[in-house]
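Structure file protein_17.pdb with PDB, C-alpha atoms, pLDDT in the B column:
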```pdb
ATOM      1  CA  MET A  22     -47.507 -73.655-125.117  1.00 59.00           C
ATOM      2  CA  PRO A  23     -43.977 -74.600-126.077  1.00 61.00           C
ATOM      3  CA  ALA A  24     -41.370 -72.143-127.278  1.00 65.00           C
ATOM      4  CA  THR A  25     -42.156 -71.076-130.788  1.00 80.00           C
ATOM      5  CA  PHE A  26     -40.165 -69.341-133.445  1.00 86.00           C
ATOM      6  CA  LEU A  27     -41.947 -66.091-132.556  1.00 88.00           C
ATOM      7  CA  HIS A  28     -40.609 -66.142-128.992  1.00 88.00           C
ATOM      8  CA  ARG A  29     -37.062 -66.746-130.153  1.00 90.00           C
ATOM      9  CA  PHE A  30     -37.497 -63.894-132.624  1.00 91.00           C
ATOM     10  CA  VAL A  31     -38.752 -61.598-129.836  1.00 91.00           C
ATOM     11  CA  LEU A  32     -35.762 -62.646-127.727  1.00 91.00           C
ATOM     12  CA  SER A  33     -33.235 -61.787-130.435  1.00 93.00           C
ATOM     13  CA  ILE A  34     -34.968 -58.471-131.172  1.00 93.00           C
ATOM     14  CA  GLY A  35     -34.712 -57.621-127.480  1.00 93.00           C
ATOM     15  CA  PHE A  36     -31.013 -58.459-127.370  1.00 93.00           C
ATOM     16  CA  LEU A  37     -30.339 -56.357-130.458  1.00 95.00           C
ATOM     17  CA  SER A  38     -32.289 -53.459-128.967  1.00 94.00           C
ATOM     18  CA  LEU A  39     -30.400 -53.686-125.666  1.00 93.00           C
ATOM     19  CA  PHE A  40     -27.094 -53.751-127.527  1.00 93.00           C
ATOM     20  CA  HIS A  41     -28.197 -50.755-129.574  1.00 93.00           C
ATOM     21  CA  SER A  42     -29.062 -48.777-126.463  1.00 92.00           C
ATOM     22  CA  ALA A  43     -25.697 -49.696-124.919  1.00 91.00           C
ATOM     23  CA  TYR A  44     -23.967 -48.453-128.058  1.00 91.00           C
ATOM     24  CA  SER A  45     -26.010 -45.237-127.960  1.00 91.00           C
ATOM     25  CA  ALA A  46     -25.058 -44.706-124.330  1.00 90.00           C
ATOM     26  CA  ALA A  47     -21.374 -45.209-125.148  1.00 90.00           C
ATOM     27  CA  GLN A  48     -21.661 -42.712-127.989  1.00 90.00           C
ATOM     28  CA  HIS A  49     -23.384 -40.221-125.704  1.00 90.00           C
ATOM     29  CA  ARG A  50     -20.480 -40.537-123.267  1.00 89.00           C
ATOM     30  CA  SER A  51     -17.929 -39.944-126.006  1.00 89.00           C
ATOM     31  CA  TYR A  52     -19.952 -36.924-127.204  1.00 89.00           C
ATOM     32  CA  LEU A  53     -19.870 -35.499-123.678  1.00 89.00           C
ATOM     33  CA  ARG A  54     -16.151 -36.168-123.420  1.00 88.00           C
ATOM     34  CA  LEU A  55     -15.403 -34.415-126.700  1.00 90.00           C
ATOM     35  CA  ASN A  56     -17.426 -31.357-125.738  1.00 89.00           C
ATOM     36  CA  GLU A  57     -16.026 -31.423-122.202  1.00 84.00           C
ATOM     37  CA  LEU A  58     -19.448 -31.540-120.600  1.00 83.00           C
ATOM     38  CA  ASP A  59     -20.305 -33.222-117.311  1.00 82.00           C
ATOM     39  CA  PHE A  60     -22.360 -36.402-117.200  1.00 79.00           C
ATOM     40  CA  THR A  61     -25.616 -35.928-115.356  1.00 80.00           C
ATOM     41  CA  HIS A  62     -27.942 -38.536-116.862  1.00 78.00           C
ATOM     42  CA  LEU A  63     -28.539 -40.319-120.110  1.00 81.00           C
ATOM     43  CA  PRO A  64     -31.017 -38.966-122.671  1.00 85.00           C
ATOM     44  CA  LEU A  65     -34.531 -40.156-121.944  1.00 90.00           C
ATOM     45  CA  ASP A  66     -34.918 -42.130-125.179  1.00 91.00           C
ATOM     46  CA  ILE A  67     -31.922 -44.347-124.370  1.00 91.00           C
ATOM     47  CA  ILE A  68     -33.268 -45.030-120.879  1.00 92.00           C
ATOM     48  CA  ILE A  69     -36.699 -45.936-122.249  1.00 94.00           C
ATOM     49  CA  GLN A  70     -35.210 -48.138-124.963  1.00 93.00           C
ATOM     50  CA  ALA A  71     -33.046 -50.012-122.453  1.00 92.00           C
ATOM     51  CA  LEU A  72     -35.948 -50.611-120.077  1.00 93.00           C
ATOM     52  CA  ILE A  73     -38.343 -51.713-122.821  1.00 94.00           C
ATOM     53  CA  SER A  74     -35.777 -54.075-124.320  1.00 94.00           C
ATOM     54  CA  LEU A  75     -35.169 -55.554-120.849  1.00 93.00           C
ATOM     55  CA  PHE A  76     -38.852 -56.388-120.542  1.00 93.00           C
ATOM     56  CA  VAL A  77     -39.020 -57.710-124.097  1.00 93.00           C
ATOM     57  CA  ILE A  78     -36.071 -60.016-123.376  1.00 93.00           C
ATOM     58  CA  MET A  79     -37.652 -61.172-120.140  1.00 91.00           C
ATOM     59  CA  TYR A  80     -40.884 -61.988-121.946  1.00 90.00           C
ATOM     60  CA  GLY A  81     -38.936 -64.000-124.509  1.00 91.00           C
ATOM     61  CA  VAL A  82     -36.853 -65.804-121.875  1.00 91.00           C
ATOM     62  CA  MET A  83     -39.929 -66.738-119.870  1.00 89.00           C
ATOM     63  CA  ASN A  84     -41.570 -68.289-122.893  1.00 88.00           C
ATOM     64  CA  VAL A  85     -38.415 -70.027-124.086  1.00 88.00           C
ATOM     65  CA  ALA A  86     -37.648 -71.410-120.601  1.00 85.00           C
ATOM     66  CA  GLY A  87     -40.580 -73.814-120.673  1.00 79.00           C
ATOM     67  CA  ASP A  88     -44.018 -74.445-119.286  1.00 81.00           C
ATOM     68  CA  PHE A  89     -45.156 -74.946-115.733  1.00 82.00           C
ATOM     69  CA  LYS A  90     -46.681 -78.267-114.794  1.00 81.00           C
ATOM     70  CA  GLU A  91     -49.470 -78.771-112.319  1.00 79.00           C
ATOM     71  CA  ILE A  92     -47.948 -79.801-109.024  1.00 78.00           C
ATOM     72  CA  LYS A  93     -50.904 -81.853-107.787  1.00 79.00           C
ATOM     73  CA  ALA A  94     -50.074 -85.516-108.166  1.00 76.00           C
ATOM     74  CA  SER A  95     -53.584 -86.258-109.408  1.00 75.00           C
ATOM     75  CA  ALA A  96     -53.490 -83.594-112.144  1.00 70.00           C
ATOM     76  CA  GLU A  97     -52.075 -85.909-114.788  1.00 70.00           C
ATOM     77  CA  LEU A  98     -54.368 -88.753-113.858  1.00 73.00           C
ATOM     78  CA  GLU A  99     -57.650 -86.885-113.934  1.00 73.00           C
ATOM     79  CA  ASN A 100     -58.241 -87.171-117.664  1.00 74.00           C
ATOM     80  CA  LYS A 101     -57.405 -90.861-117.892  1.00 76.00           C
ATOM     81  CA  SER A 102     -59.865 -93.702-117.575  1.00 78.00           C
ATOM     82  CA  TRP A 103     -59.472 -96.928-115.661  1.00 79.00           C
ATOM     83  CA  GLU A 104     -59.010 -98.828-118.916  1.00 80.00           C
ATOM     84  CA  THR A 105     -55.888 -96.785-119.669  1.00 80.00           C
ATOM     85  CA  PHE A 106     -54.215 -98.008-116.484  1.00 77.00           C
ATOM     86  CA  ARG A 107     -55.373-101.596-116.893  1.00 81.00           C
ATOM     87  CA  ASN A 108     -53.791-101.673-120.323  1.00 83.00           C
ATOM     88  CA  ILE A 109     -50.402-103.395-119.869  1.00 84.00           C
ATOM     89  CA  PRO A 110     -48.866-104.355-123.208  1.00 84.00           C
ATOM     90  CA  SER A 111     -46.391-106.819-121.683  1.00 86.00           C
ATOM     91  CA  PHE A 112     -49.236-109.020-120.572  1.00 84.00           C
ATOM     92  CA  TYR A 113     -50.965-109.229-123.941  1.00 84.00           C
ATOM     93  CA  THR A 114     -51.727-112.838-124.892  1.00 83.00           C
ATOM     94  CA  PHE A 115     -52.706-113.624-128.433  1.00 81.00           C
ATOM     95  CA  SER A 116     -52.741-117.404-128.450  1.00 82.00           C
ATOM     96  CA  HIS A 117     -55.639-118.145-126.218  1.00 81.00           C
ATOM     97  CA  ARG A 118     -58.965-119.933-126.485  1.00 81.00           C
ATOM     98  CA  GLY A 119     -60.669-116.970-128.135  1.00 79.00           C
ATOM     99  CA  LYS A 120     -59.160-118.123-131.427  1.00 77.00           C
ATOM    100  CA  PHE A 121     -61.201-121.313-131.296  1.00 78.00           C
ATOM    101  CA  LEU A 122     -64.308-119.587-130.068  1.00 81.00           C
ATOM    102  CA  ALA A 123     -64.314-116.874-132.715  1.00 79.00           C
ATOM    103  CA  PHE A 124     -63.502-119.027-135.761  1.00 74.00           C
ATOM    104  CA  PRO A 125     -64.927-122.476-135.129  1.00 69.00           C
ATOM    105  CA  HIS A 126     -65.133-123.276-138.848  1.00 67.00           C
ATOM    106  CA  GLN A 127     -61.384-122.843-139.399  1.00 62.00           C
ATOM    107  CA  THR A 128     -59.706-124.558-136.515  1.00 54.00           C
ATOM    108  CA  GLY A 129     -62.374-126.010-134.316  1.00 49.00           C
ATOM    109  CA  ASN A 130     -64.202-127.985-137.024  1.00 50.00           C
ATOM    110  CA  LYS A 131     -61.234-130.098-137.903  1.00 50.00           C
ATOM    111  CA  LYS A 132     -60.756-131.264-134.367  1.00 50.00           C
ATOM    112  CA  HIS A 133     -64.295-131.880-133.383  1.00 51.00           C
ATOM    113  CA  ASN A 134     -65.618-133.500-136.543  1.00 47.00           C
TER     114      ASN A 134
ATOM    115  CA  MET B  10     -48.637 -80.320 -96.895  1.00 42.00           C
ATOM    116  CA  SER B  11     -52.047 -80.368 -95.322  1.00 43.00           C
ATOM    117  CA  SER B  12     -54.662 -77.719 -95.015  1.00 44.00           C
ATOM    118  CA  LYS B  13     -57.661 -77.582 -92.750  1.00 43.00           C
ATOM    119  CA  ASN B  14     -61.010 -77.389 -94.438  1.00 46.00           C
ATOM    120  CA  LYS B  15     -64.213 -76.051 -92.941  1.00 47.00           C
ATOM    121  CA  ASN B  16     -65.034 -79.146 -90.928  1.00 48.00           C
ATOM    122  CA  GLY B  17     -61.679 -79.088 -89.186  1.00 48.00           C
ATOM    123  CA  ASN B  18     -60.479 -82.256 -90.900  1.00 49.00           C
ATOM    124  CA  SER B  19     -57.032 -82.041 -92.392  1.00 58.00           C
ATOM    125  CA  ASP B  20     -57.173 -82.415 -96.150  1.00 68.00           C
ATOM    126  CA  VAL B  21     -53.995 -84.003 -97.429  1.00 75.00           C
ATOM    127  CA  VAL B  22     -52.858 -82.989-100.895  1.00 76.00           C
ATOM    128  CA  ALA B  23     -50.271 -85.095-102.694  1.00 79.00           C
ATOM    129  CA  TYR B  24     -47.813 -83.164-104.833  1.00 81.00           C
ATOM    130  CA  SER B  25     -45.923 -84.541-107.762  1.00 81.00           C
ATOM    131  CA  GLU B  26     -42.209 -84.096-107.137  1.00 83.00           C
ATOM    132  CA  MET B  27     -41.333 -84.106-110.827  1.00 83.00           C
ATOM    133  CA  ALA B  28     -43.706 -81.233-111.525  1.00 84.00           C
ATOM    134  CA  ILE B  29     -42.383 -79.152-108.612  1.00 86.00           C
ATOM    135  CA  ARG B  30     -38.829 -79.767-109.748  1.00 88.00           C
ATOM    136  CA  ASN B  31     -39.719 -78.799-113.319  1.00 88.00           C
ATOM    137  CA  ASN B  32     -41.434 -75.581-112.224  1.00 87.00           C
ATOM    138  CA  LEU B  33     -38.578 -74.559-109.949  1.00 89.00           C
ATOM    139  CA  SER B  34     -35.994 -75.181-112.654  1.00 90.00           C
ATOM    140  CA  VAL B  35     -37.984 -73.035-115.093  1.00 89.00           C
ATOM    141  CA  VAL B  36     -38.181 -70.264-112.480  1.00 90.00           C
ATOM    142  CA  GLU B  37     -34.479 -70.596-111.699  1.00 91.00           C
ATOM    143  CA  TYR B  38     -33.624 -70.247-115.388  1.00 91.00           C
ATOM    144  CA  CYS B  39     -35.751 -67.096-115.628  1.00 91.00           C
ATOM    145  CA  ARG B  40     -34.255 -65.684-112.444  1.00 92.00           C
ATOM    146  CA  THR B  41     -30.650 -66.186-113.520  1.00 92.00           C
ATOM    147  CA  SER B  42     -31.332 -64.604-116.903  1.00 92.00           C
ATOM    148  CA  MET B  43     -33.166 -61.755-115.215  1.00 92.00           C
ATOM    149  CA  ALA B  44     -30.224 -61.097-112.890  1.00 93.00           C
ATOM    150  CA  ALA B  45     -27.724 -61.030-115.750  1.00 93.00           C
ATOM    151  CA  LEU B  46     -29.899 -58.950-118.067  1.00 92.00           C
ATOM    152  CA  SER B  47     -31.024 -56.431-115.480  1.00 92.00           C
ATOM    153  CA  GLY B  48     -27.372 -56.085-114.486  1.00 93.00           C
ATOM    154  CA  CYS B  49     -26.561 -55.285-118.114  1.00 92.00           C
ATOM    155  CA  THR B  50     -29.409 -52.770-118.249  1.00 92.00           C
ATOM    156  CA  ALA B  51     -28.293 -51.126-114.999  1.00 92.00           C
ATOM    157  CA  GLY B  52     -24.795 -50.830-116.455  1.00 91.00           C
ATOM    158  CA  VAL B  53     -26.130 -49.291-119.654  1.00 91.00           C
ATOM    159  CA  LEU B  54     -28.217 -46.821-117.685  1.00 90.00           C
ATOM    160  CA  GLY B  55     -25.135 -45.852-115.689  1.00 87.00           C
ATOM    161  CA  LEU B  56     -26.668 -46.425-112.280  1.00 87.00           C
ATOM    162  CA  THR B  57     -24.371 -46.066-109.301  1.00 86.00           C
ATOM    163  CA  GLY B  58     -24.647 -46.868-105.644  1.00 88.00           C
ATOM    164  CA  LEU B  59     -28.048 -47.461-104.121  1.00 92.00           C
ATOM    165  CA  TYR B  60     -29.860 -46.711-107.378  1.00 91.00           C
ATOM    166  CA  GLY B  61     -28.464 -49.982-108.684  1.00 92.00           C
ATOM    167  CA  ALA B  62     -29.728 -51.880-105.652  1.00 92.00           C
ATOM    168  CA  ALA B  63     -33.128 -50.271-106.076  1.00 94.00           C
ATOM    169  CA  PHE B  64     -33.115 -51.293-109.725  1.00 92.00           C
ATOM    170  CA  TYR B  65     -32.333 -54.882-108.702  1.00 93.00           C
ATOM    171  CA  ILE B  66     -35.299 -54.926-106.337  1.00 93.00           C
ATOM    172  CA  PHE B  67     -37.462 -53.470-109.099  1.00 93.00           C
ATOM    173  CA  ALA B  68     -36.243 -56.148-111.524  1.00 92.00           C
ATOM    174  CA  VAL B  69     -36.840 -59.024-109.102  1.00 92.00           C
ATOM    175  CA  THR B  70     -40.319 -57.778-108.274  1.00 92.00           C
ATOM    176  CA  SER B  71     -41.278 -57.317-111.895  1.00 93.00           C
ATOM    177  CA  LEU B  72     -39.980 -60.817-112.730  1.00 91.00           C
ATOM    178  CA  TRP B  73     -42.113 -62.164-109.894  1.00 91.00           C
ATOM    179  CA  LEU B  74     -45.172 -60.401-111.281  1.00 91.00           C
ATOM    180  CA  MET B  75     -44.430 -61.686-114.781  1.00 90.00           C
ATOM    181  CA  ILE B  76     -44.110 -65.270-113.509  1.00 89.00           C
ATOM    182  CA  LEU B  77     -47.397 -64.912-111.652  1.00 89.00           C
ATOM    183  CA  CYS B  78     -49.006 -63.544-114.805  1.00 88.00           C
ATOM    184  CA  LYS B  79     -47.648 -66.478-116.794  1.00 86.00           C
ATOM    185  CA  ALA B  80     -48.955 -68.970-114.243  1.00 85.00           C
ATOM    186  CA  GLY B  81     -52.255 -67.079-114.071  1.00 82.00           C
ATOM    187  CA  LEU B  82     -53.079 -64.570-111.359  1.00 81.00           C
ATOM    188  CA  SER B  83     -55.797 -66.764-109.888  1.00 82.00           C
ATOM    189  CA  SER B  84     -54.437 -70.198-110.776  1.00 81.00           C
ATOM    190  CA  TRP B  85     -50.849 -69.859-109.518  1.00 81.00           C
ATOM    191  CA  LYS B  86     -51.719 -72.296-106.727  1.00 81.00           C
ATOM    192  CA  ASN B  87     -51.807 -75.065-109.316  1.00 81.00           C
ATOM    193  CA  PHE B  88     -48.134 -74.539-110.081  1.00 83.00           C
ATOM    194  CA  PHE B  89     -46.439 -73.248-106.922  1.00 84.00           C
ATOM    195  CA  ILE B  90     -46.825 -74.032-103.258  1.00 83.00           C
ATOM    196  CA  SER B  91     -45.888 -70.594-101.967  1.00 83.00           C
ATOM    197  CA  ARG B  92     -45.971 -67.217-103.678  1.00 83.00           C
ATOM    198  CA  LYS B  93     -43.657 -65.572-101.175  1.00 86.00           C
ATOM    199  CA  SER B  94     -40.841 -68.077-101.542  1.00 86.00           C
ATOM    200  CA  LEU B  95     -41.083 -67.549-105.299  1.00 85.00           C
ATOM    201  CA  LEU B  96     -40.161 -63.908-104.667  1.00 86.00           C
ATOM    202  CA  THR B  97     -37.430 -64.387-102.085  1.00 86.00           C
ATOM    203  CA  ASN B  98     -35.696 -67.604-103.204  1.00 85.00           C
ATOM    204  CA  GLY B  99     -32.139 -66.975-104.321  1.00 84.00           C
ATOM    205  CA  PHE B 100     -32.410 -63.212-103.806  1.00 88.00           C
ATOM    206  CA  PHE B 101     -28.843 -62.745-102.572  1.00 89.00           C
ATOM    207  CA  GLY B 102     -27.417 -65.507-104.744  1.00 90.00           C
ATOM    208  CA  GLN B 103     -28.593 -63.748-107.894  1.00 91.00           C
ATOM    209  CA  LEU B 104     -27.452 -60.388-106.520  1.00 92.00           C
ATOM    210  CA  PHE B 105     -23.845 -61.368-107.229  1.00 93.00           C
ATOM    211  CA  THR B 106     -24.640 -62.251-110.838  1.00 92.00           C
ATOM    212  CA  TYR B 107     -26.359 -58.870-111.072  1.00 93.00           C
ATOM    213  CA  ILE B 108     -23.390 -56.963-109.650  1.00 93.00           C
ATOM    214  CA  LEU B 109     -20.975 -58.800-111.952  1.00 94.00           C
ATOM    215  CA  CYS B 110     -22.906 -57.848-115.085  1.00 93.00           C
ATOM    216  CA  TRP B 111     -23.633 -54.358-113.780  1.00 93.00           C
ATOM    217  CA  THR B 112     -19.995 -53.463-113.129  1.00 93.00           C
ATOM    218  CA  PHE B 113     -18.802 -55.105-116.338  1.00 93.00           C
ATOM    219  CA  ILE B 114     -21.268 -53.303-118.621  1.00 92.00           C
ATOM    220  CA  TYR B 115     -20.847 -50.047-116.687  1.00 92.00           C
ATOM    221  CA  GLY B 116     -17.118 -50.267-117.331  1.00 92.00           C
ATOM    222  CA  MET B 117     -17.615 -51.110-120.988  1.00 89.00           C
ATOM    223  CA  VAL B 118     -20.142 -48.356-121.702  1.00 88.00           C
ATOM    224  CA  HIS B 119     -19.331 -45.496-119.354  1.00 85.00           C
ATOM    225  CA  VAL B 120     -15.684 -45.784-118.413  1.00 84.00           C
ATOM    226  CA  TYR B 121     -13.929 -46.845-121.600  1.00 77.00           C
TER     227      TYR B 121
END
```

Could you render the structure as structure tokens?
Amino acid sequence: MPATFLHRFVLSIGFLSLFHSAYSAAQHRSYLRLNELDFTHLPLDIIIQALISLFVIMYGVMNVAGDFKEIKASAELENKSWETFRNIPSFYTFSHRGKFLAFPHQTGNKKHN
Amino acid sequence: MSSKNKNGNSDVVAYSEMAIRNNLSVVEYCRTSMAALSGCTAGVLGLTGLYGAAFYIFAVTSLWLMILCKAGLSSWKNFFISRKSLLTNGFFGQLFTYILCWTFIYGMVHVY
């Protein structure tokens, strides 16, 4: 399936969420600095938000990047019939004897009568 | 590439070069984005030292699993020749992208 609007939407939501968690982390650091506390680890909700938004972005990127194709050389040819390959438009001929055979009353009659 | 079937005859499979190239470029795109984005996430989380390296390995492995899920857990052979090279290709090349984003975002979020 090609990239749809939904996947691009998911991708932008993920980017916004990651940016939001980065902003929250920066605010947490400034809060610690103002209260003169030591940094041990981030609050759990920021960690979870960052990880989830990473996976959401990756899902979006994988769908936007494109589809895989079958690597077997015969994969594309399996659904096609022999007539499809024999069909070469450059070699079409329209002025041939079939014109006289199909409509003898229009063209053939004049000559032969 | 040839594989032996039960009778011992080698069974030659022809691969389409265009399709292989297309698949690898899609995977490369995903891998580069994954390196940059997981670097950003590691910077946001404030990982330092070996925790960051462990997070990179976690990110690469989870991207590998996601690609396999996208290709289909049983039908990945239709799209890729080797599953292992899908995991290890460009591992150290992308590591530098990861470290770049990691240090940059770490500086932006936690230092300044």

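CA of Ile67 in chain A sits 13.6 Å away from CA of Leu37 in chain A.
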
Rows by chain and residue number, chain A within 7 Å of chain B, shortest pair, all atoms listed in the file, as CSV:
```
residue,atom,partner,partner_atom,distance
A:Ala43,CA,B:Val53,CA,5.3
A:Ala46,CA,B:Val53,CA,6.6
A:Ala47,CA,B:Val118,CA,4.8
A:Arg50,CA,B:His119,CA,6.4
A:Leu63,CA,B:Leu54,CA,6.9
A:Ile68,CA,B:Leu54,CA,6.2
A:Ala71,CA,B:Thr50,CA,6.2
A:Leu75,CA,B:Ser47,CA,6.8
A:Met79,CA,B:Met43,CA,6.7
A:Val82,CA,B:Cys39,CA,6.5
A:Met83,CA,B:Cys39,CA,6.0
A:Ala86,CA,B:Val35,CA,5.8
A:Gly87,CA,B:Val35,CA,6.2
A:Phe89,CA,B:Asn32,CA,5.2
A:Lys90,CA,B:Ala28,CA,5.3
A:Glu91,CA,B:Phe88,CA,5.0
A:Ile92,CA,B:Ala28,CA,5.1
A:Lys93,CA,B:Tyr24,CA,4.5
A:Ala94,CA,B:Ser25,CA,4.3
```

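Shortest atom-to-atom contact with Asn98 in chain B among B:Ala62, B:Val69, B:Val21, B:Leu82: B:Val69, counting all atoms listed in the file.
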
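Across the structure, CA of Leu95 in chain B and CA of Thr70 in chain B are spaced 10.2 Å apart.
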
For range 111-117 of chain A, take all atoms listed in the file, fit an axis-aligned box around them, add 6 Å to each of the six sides, then output centre and edge lengths in Å rounded to one decimal, as JSON.
```
{"center_x": -51.0, "center_y": -112.5, "center_z": -124.5, "size_x": 21.2, "size_y": 23.3, "size_z": 19.9}
```

CA of Asp66 in chain A sits from CA of Leu53 in chain A at a separation of 16.5 Å

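Of the residues under consideration (A:Leu58, A:Val31, A:Leu72, A:Ala123), A:Leu72 shows the shortest atom-to-atom contact distance to Gly48 in chain B when counting all atoms listed in the file.
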
List every protein, DNA or RNA residue that has an atom no more than 12 Å from (-40.4, -54.1, -124.4) in the file's coordinate frame, counting all atoms listed in the file, and report them as an MDAnalysis selection string. chainID A and resid 31:32 34:39 69:81

Missing atoms of range 53-75 of chain B rebuilt to N, CA and C atoms, written as a PDB file, keeping the file's coordinate frame:
```
ATOM      1  N   VAL B  53     -25.878 -50.181-118.524  1.00 91.00           N
ATOM      2  CA  VAL B  53     -26.130 -49.291-119.654  1.00 91.00           C
ATOM      3  C   VAL B  53     -26.695 -47.970-119.163  1.00 91.00           C
ATOM      4  N   LEU B  54     -27.601 -48.045-118.193  1.00 90.00           N
ATOM      5  CA  LEU B  54     -28.217 -46.821-117.685  1.00 90.00           C
ATOM      6  C   LEU B  54     -27.246 -46.004-116.853  1.00 90.00           C
ATOM      7  N   GLY B  55     -26.115 -46.605-116.454  1.00 87.00           N
ATOM      8  CA  GLY B  55     -25.135 -45.852-115.689  1.00 87.00           C
ATOM      9  C   GLY B  55     -25.556 -45.622-114.256  1.00 87.00           C
ATOM     10  N   LEU B  56     -26.254 -46.581-113.672  1.00 87.00           N
ATOM     11  CA  LEU B  56     -26.668 -46.425-112.280  1.00 87.00           C
ATOM     12  C   LEU B  56     -25.474 -46.638-111.360  1.00 87.00           C
ATOM     13  N   THR B  57     -25.441 -45.888-110.282  1.00 86.00           N
ATOM     14  CA  THR B  57     -24.371 -46.066-109.301  1.00 86.00           C
ATOM     15  C   THR B  57     -24.978 -46.147-107.910  1.00 86.00           C
ATOM     16  N   GLY B  58     -24.272 -46.846-107.054  1.00 88.00           N
ATOM     17  CA  GLY B  58     -24.647 -46.868-105.644  1.00 88.00           C
ATOM     18  C   GLY B  58     -25.994 -47.510-105.408  1.00 88.00           C
ATOM     19  N   LEU B  59     -26.786 -46.865-104.549  1.00 92.00           N
ATOM     20  CA  LEU B  59     -28.048 -47.461-104.121  1.00 92.00           C
ATOM     21  C   LEU B  59     -29.091 -47.492-105.225  1.00 92.00           C
ATOM     22  N   TYR B  60     -28.915 -46.645-106.270  1.00 91.00           N
ATOM     23  CA  TYR B  60     -29.860 -46.711-107.378  1.00 91.00           C
ATOM     24  C   TYR B  60     -29.813 -48.091-108.041  1.00 91.00           C
ATOM     25  N   GLY B  61     -28.604 -48.650-108.107  1.00 92.00           N
ATOM     26  CA  GLY B  61     -28.464 -49.982-108.684  1.00 92.00           C
ATOM     27  C   GLY B  61     -29.161 -51.037-107.852  1.00 92.00           C
ATOM     28  N   ALA B  62     -29.044 -50.927-106.527  1.00 92.00           N
ATOM     29  CA  ALA B  62     -29.728 -51.880-105.652  1.00 92.00           C
ATOM     30  C   ALA B  62     -31.228 -51.750-105.789  1.00 92.00           C
ATOM     31  N   ALA B  63     -31.691 -50.488-105.899  1.00 94.00           N
ATOM     32  CA  ALA B  63     -33.128 -50.271-106.076  1.00 94.00           C
ATOM     33  C   ALA B  63     -33.596 -50.858-107.402  1.00 94.00           C
ATOM     34  N   PHE B  64     -32.759 -50.731-108.424  1.00 92.00           N
ATOM     35  CA  PHE B  64     -33.115 -51.293-109.725  1.00 92.00           C
ATOM     36  C   PHE B  64     -33.177 -52.811-109.655  1.00 92.00           C
ATOM     37  N   TYR B  65     -32.294 -53.416-108.861  1.00 93.00           N
ATOM     38  CA  TYR B  65     -32.333 -54.882-108.702  1.00 93.00           C
ATOM     39  C   TYR B  65     -33.634 -55.307-108.051  1.00 93.00           C
ATOM     40  N   ILE B  66     -34.041 -54.573-107.009  1.00 93.00           N
ATOM     41  CA  ILE B  66     -35.299 -54.926-106.337  1.00 93.00           C
ATOM     42  C   ILE B  66     -36.467 -54.755-107.303  1.00 93.00           C
ATOM     43  N   PHE B  67     -36.427 -53.697-108.092  1.00 93.00           N
ATOM     44  CA  PHE B  67     -37.462 -53.470-109.099  1.00 93.00           C
ATOM     45  C   PHE B  67     -37.496 -54.622-110.097  1.00 93.00           C
ATOM     46  N   ALA B  68     -36.303 -55.074-110.533  1.00 92.00           N
ATOM     47  CA  ALA B  68     -36.243 -56.148-111.524  1.00 92.00           C
ATOM     48  C   ALA B  68     -36.780 -57.451-110.953  1.00 92.00           C
ATOM     49  N   VAL B  69     -36.384 -57.769-109.716  1.00 92.00           N
ATOM     50  CA  VAL B  69     -36.840 -59.024-109.102  1.00 92.00           C
ATOM     51  C   VAL B  69     -38.353 -59.018-108.929  1.00 92.00           C
ATOM     52  N   THR B  70     -38.876 -57.860-108.483  1.00 92.00           N
ATOM     53  CA  THR B  70     -40.319 -57.778-108.274  1.00 92.00           C
ATOM     54  C   THR B  70     -41.075 -57.894-109.591  1.00 92.00           C
ATOM     55  N   SER B  71     -40.554 -57.247-110.623  1.00 93.00           N
ATOM     56  CA  SER B  71     -41.278 -57.317-111.895  1.00 93.00           C
ATOM     57  C   SER B  71     -41.187 -58.722-112.482  1.00 93.00           C
ATOM     58  N   LEU B  72     -40.054 -59.415-112.273  1.00 91.00           N
ATOM     59  CA  LEU B  72     -39.980 -60.817-112.730  1.00 91.00           C
ATOM     60  C   LEU B  72     -40.996 -61.672-111.984  1.00 91.00           C
ATOM     61  N   TRP B  73     -41.139 -61.410-110.699  1.00 91.00           N
ATOM     62  CA  TRP B  73     -42.113 -62.164-109.894  1.00 91.00           C
ATOM     63  C   TRP B  73     -43.522 -61.965-110.441  1.00 91.00           C
ATOM     64  N   LEU B  74     -43.843 -60.680-110.739  1.00 91.00           N
ATOM     65  CA  LEU B  74     -45.172 -60.401-111.281  1.00 91.00           C
ATOM     66  C   LEU B  74     -45.359 -61.074-112.637  1.00 91.00           C
ATOM     67  N   MET B  75     -44.299 -61.073-113.456  1.00 90.00           N
ATOM     68  CA  MET B  75     -44.430 -61.686-114.781  1.00 90.00           C
ATOM     69  C   MET B  75     -44.624 -63.187-114.661  1.00 90.00           C
TER      70      MET B  75
END
```
